[in-house]
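Worksheet: one structure, shown below.
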Amino acid sequence: NYDVSQLMSYIKTLVDVGNSSINQVLTPNLKSLVSARPSSKKRATKSFSGEDEEDSWKQPSFRLAWVGSDNAICHIGTSLHKVPLARLQEIYLLLGYNRWELLEVIRILGPFPNVRNTLRGDIKLEKKRTNDNREGVRLTIAYNSMVDGTGKEILAGKEDNVKYVKLDIWFASEKAIVCTVPAEDDEGDEYEVNANPFANGNGASILLFVAEENLDEQLEKLRAA
């Protein structure tokens with residue numbers, strides 16, 4: 001369990017660092033993560049077998065370390081963890097190739113295997129700045145593919161079936177990503193500008209992703225590889 005007040009303080013520290021006058025790196029960092037892909041170049045060194053080795057590359061991978069509410073989880077995921085006897089185990093995020101790939105691992109109570117759902121979508125980035133001069137990025141995900149627990153891929157097909165999800169990103173690096181669910185007005189429309197996305201002390205709209213160095217290993221442990 002996390003101490004929410006300490007965690008909120010840590011998140012605000014990250015966000016403040018990302019928006020300092022000498023470190024305006026949010027947008028470049030996020031673009032680098034989103035567009036990551038392996039290099040086609042080869043190293044000049046050789047392996048022990050004498051063969052050329054390709055540049056090592058790991059797809060940017062993150063784990064949802066903390067989230068302020070179940071609504072925030074449902075905003076980015078399938079909400080299938082809310083069905084009877086289901087419990088959410090972990091959420092992982094893969095970036096790169098200008099795509100967003102979300103992996104949900106759900107445990108079903110009883111003698112049943114864990115279920116992994118995978119949501120995939122294209123990403124669009126739009127720079128934002130709040131009334132208090134805080135830099136952010138509005139990230140729009142167009143979910144157009146889902147792989148269910150049986151391994152069957154379900155494609156959106158026509159445009160009407162594409163699910164659009166928006167997040168506001170306030171910090172992004174290879175180590176962590178801080179984002180919030182966009183605020184809504186009384187009519188349910190999203191605010192274009194939020195004066196202080198961290199004003200709510202309980203962090204209900206916040207999602208904190210941290211780097212996951214051994215995603216394949218973790219999925220094996222969860223029996224969801």
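Scheme for the structure tokens: letters A, B, ... for chains in order shown; per-chain residue numbers from 1; ligand numbers from 1 in order shown.
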Taking only stretch 35-197 of chain A into account, list the residues labelled alpha helix (DSSP H) by DSSP (computed from the backbone), as a VMD selection string.
chain A and resid 70 to 76
Give me the residues within 12 Å of stretch 153-157 of chain A as a PyMOL selection string, counting only C-alpha atoms and dropping any in the same chain fewer than 4 places off.
chain A and resi 117-121+142-149+161-164
Record the distance separating atom CA of A:Ala86 and atom CA of A:Pro111, expressed in Å with one decimal.
12.3 Å
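Using only C-alpha atoms, the smallest distance between any of A:Ile76, A:Val105, A:Leu95, A:Val115 and A:Gly151 comes from A:Val115.
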Excluding A:Leu93 and any residue of its chain fewer than 2 positions from it, enumerate the residues within 7 Å of it, using only C-alpha atoms, and give them as JSON, numbers by chain.
{"A": [61, 62, 63, 91, 95, 101, 102, 103]}
d(atom CA of A:Asn133, atom CA of A:Ser69) in Å
26.5 Å
May I have all residues of chain A that DSSP, computed from the backbone, assigns to strand (DSSP E), given as a PyMOL selection string?
chain A and resi 42-46+52-54+61-67+86-96+99-108+115-129+135-147+153-155+163-172+176-180+206-211
Print the selection's residues with C-alpha atoms to a file, as a PDB file, in the first residue's frame.
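The resulting file, selection12.pdb, is reproduced below:
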```pdb
ATOM      1  CA  LYS A  42      24.738  -2.830 -37.000  1.00  0.00           C
ATOM      2  CA  ARG A  43      27.461  -2.538 -34.404  1.00  0.00           C
ATOM      3  CA  ALA A  44      31.095  -2.547 -35.469  1.00  0.00           C
ATOM      4  CA  THR A  45      31.820  -5.149 -32.784  1.00  0.00           C
ATOM      5  CA  LYS A  46      31.465  -8.872 -33.165  1.00  0.00           C
ATOM      6  CA  ASP A  52      28.094  -9.194 -36.318  1.00  0.00           C
ATOM      7  CA  GLU A  53      25.694  -8.204 -33.575  1.00  0.00           C
ATOM      8  CA  GLU A  54      22.742  -5.907 -34.211  1.00  0.00           C
ATOM      9  CA  SER A  61       7.696  -0.880 -21.478  1.00  0.00           C
ATOM     10  CA  PHE A  62       5.919   0.373 -18.386  1.00  0.00           C
ATOM     11  CA  ARG A  63       3.816  -0.953 -15.504  1.00  0.00           C
ATOM     12  CA  LEU A  64       0.887   0.912 -13.986  1.00  0.00           C
ATOM     13  CA  ALA A  65       2.377   1.419 -10.522  1.00  0.00           C
ATOM     14  CA  TRP A  66      -0.412   3.568  -9.063  1.00  0.00           C
ATOM     15  CA  VAL A  67      -3.773   4.924 -10.118  1.00  0.00           C
ATOM     16  CA  ALA A  86     -12.589 -11.034 -11.752  1.00  0.00           C
ATOM     17  CA  ARG A  87      -9.697  -9.146 -10.156  1.00  0.00           C
ATOM     18  CA  LEU A  88      -7.215  -6.882 -11.935  1.00  0.00           C
ATOM     19  CA  GLN A  89      -3.646  -8.121 -11.418  1.00  0.00           C
ATOM     20  CA  GLU A  90      -1.485  -5.776 -13.478  1.00  0.00           C
ATOM     21  CA  ILE A  91      -1.586  -3.323 -16.365  1.00  0.00           C
ATOM     22  CA  TYR A  92       1.407  -2.915 -18.669  1.00  0.00           C
ATOM     23  CA  LEU A  93       2.034  -0.400 -21.412  1.00  0.00           C
ATOM     24  CA  LEU A  94       4.169  -0.768 -24.539  1.00  0.00           C
ATOM     25  CA  LEU A  95       5.094   2.234 -26.678  1.00  0.00           C
ATOM     26  CA  GLY A  96       6.881   2.542 -30.009  1.00  0.00           C
ATOM     27  CA  ARG A  99       1.340   2.951 -31.271  1.00  0.00           C
ATOM     28  CA  TRP A 100      -0.057   2.394 -27.778  1.00  0.00           C
ATOM     29  CA  GLU A 101      -0.387  -1.194 -26.552  1.00  0.00           C
ATOM     30  CA  LEU A 102      -2.085  -1.844 -23.214  1.00  0.00           C
ATOM     31  CA  LEU A 103      -1.886  -5.279 -21.566  1.00  0.00           C
ATOM     32  CA  GLU A 104      -4.427  -6.111 -18.844  1.00  0.00           C
ATOM     33  CA  VAL A 105      -3.810  -9.180 -16.712  1.00  0.00           C
ATOM     34  CA  ILE A 106      -6.978 -10.268 -14.917  1.00  0.00           C
ATOM     35  CA  ARG A 107      -7.302 -13.037 -12.355  1.00  0.00           C
ATOM     36  CA  ILE A 108     -10.490 -15.090 -12.261  1.00  0.00           C
ATOM     37  CA  VAL A 115      -6.619 -13.752 -18.626  1.00  0.00           C
ATOM     38  CA  ARG A 116      -4.671 -11.207 -20.672  1.00  0.00           C
ATOM     39  CA  ASN A 117      -6.455  -8.650 -22.812  1.00  0.00           C
ATOM     40  CA  THR A 118      -4.424  -6.509 -25.197  1.00  0.00           C
ATOM     41  CA  LEU A 119      -5.654  -3.188 -26.573  1.00  0.00           C
ATOM     42  CA  ARG A 120      -3.796  -1.559 -29.463  1.00  0.00           C
ATOM     43  CA  GLY A 121      -4.200   1.812 -31.093  1.00  0.00           C
ATOM     44  CA  ASP A 122      -2.586   4.637 -32.983  1.00  0.00           C
ATOM     45  CA  ILE A 123      -1.451   7.758 -31.117  1.00  0.00           C
ATOM     46  CA  LYS A 124      -1.832  11.452 -31.828  1.00  0.00           C
ATOM     47  CA  LEU A 125      -0.027  14.098 -29.740  1.00  0.00           C
ATOM     48  CA  GLU A 126      -1.074  17.713 -29.239  1.00  0.00           C
ATOM     49  CA  LYS A 127       0.864  20.187 -27.125  1.00  0.00           C
ATOM     50  CA  LYS A 128      -1.116  21.836 -24.312  1.00  0.00           C
ATOM     51  CA  ARG A 129      -0.477  24.633 -21.854  1.00  0.00           C
ATOM     52  CA  GLU A 135       3.208  22.401 -20.147  1.00  0.00           C
ATOM     53  CA  GLY A 136       1.381  19.224 -21.044  1.00  0.00           C
ATOM     54  CA  VAL A 137       0.572  16.990 -24.010  1.00  0.00           C
ATOM     55  CA  ARG A 138      -2.911  15.807 -24.961  1.00  0.00           C
ATOM     56  CA  LEU A 139      -2.523  12.203 -26.115  1.00  0.00           C
ATOM     57  CA  THR A 140      -5.346  10.682 -28.138  1.00  0.00           C
ATOM     58  CA  ILE A 141      -5.414   6.908 -28.548  1.00  0.00           C
ATOM     59  CA  ALA A 142      -7.495   5.395 -31.346  1.00  0.00           C
ATOM     60  CA  TYR A 143      -8.093   1.822 -30.182  1.00  0.00           C
ATOM     61  CA  ASN A 144      -8.615  -0.272 -33.320  1.00  0.00           C
ATOM     62  CA  SER A 145      -7.601  -3.759 -32.163  1.00  0.00           C
ATOM     63  CA  MET A 146      -8.197  -5.992 -29.158  1.00  0.00           C
ATOM     64  CA  VAL A 147      -6.751  -9.435 -28.462  1.00  0.00           C
ATOM     65  CA  GLU A 153      -7.870 -10.560 -32.321  1.00  0.00           C
ATOM     66  CA  ILE A 154     -10.927  -8.388 -32.800  1.00  0.00           C
ATOM     67  CA  LEU A 155     -10.442  -5.500 -35.240  1.00  0.00           C
ATOM     68  CA  LYS A 163     -12.664   3.825 -29.510  1.00  0.00           C
ATOM     69  CA  TYR A 164     -10.976   7.155 -28.842  1.00  0.00           C
ATOM     70  CA  VAL A 165      -9.354   7.681 -25.442  1.00  0.00           C
ATOM     71  CA  LYS A 166      -7.716  10.925 -24.331  1.00  0.00           C
ATOM     72  CA  LEU A 167      -5.050  11.416 -21.675  1.00  0.00           C
ATOM     73  CA  ASP A 168      -3.100  14.477 -20.580  1.00  0.00           C
ATOM     74  CA  ILE A 169       0.616  13.753 -20.138  1.00  0.00           C
ATOM     75  CA  TRP A 170       2.551  15.899 -17.633  1.00  0.00           C
ATOM     76  CA  PHE A 171       5.836  13.996 -17.325  1.00  0.00           C
ATOM     77  CA  ALA A 172       7.512  11.452 -19.595  1.00  0.00           C
ATOM     78  CA  ALA A 176       8.185   7.063 -15.643  1.00  0.00           C
ATOM     79  CA  ILE A 177       5.093   8.614 -17.200  1.00  0.00           C
ATOM     80  CA  VAL A 178       2.569  10.752 -15.306  1.00  0.00           C
ATOM     81  CA  CYS A 179      -0.807  11.316 -16.928  1.00  0.00           C
ATOM     82  CA  THR A 180      -4.322  12.353 -15.957  1.00  0.00           C
ATOM     83  CA  ILE A 206      -3.852  10.393 -12.011  1.00  0.00           C
ATOM     84  CA  LEU A 207      -2.087   7.378 -13.518  1.00  0.00           C
ATOM     85  CA  LEU A 208       1.583   6.718 -12.751  1.00  0.00           C
ATOM     86  CA  PHE A 209       3.461   4.342 -15.041  1.00  0.00           C
ATOM     87  CA  VAL A 210       6.991   3.208 -14.159  1.00  0.00           C
ATOM     88  CA  ALA A 211       9.525   1.446 -16.360  1.00  0.00           C
TER      89      ALA A 211
END
```
Which is closest to A:Phe112 among A:Thr130, A:Ala225, A:Leu85, A:Lys31, if we use only C-alpha atoms?
A:Leu85
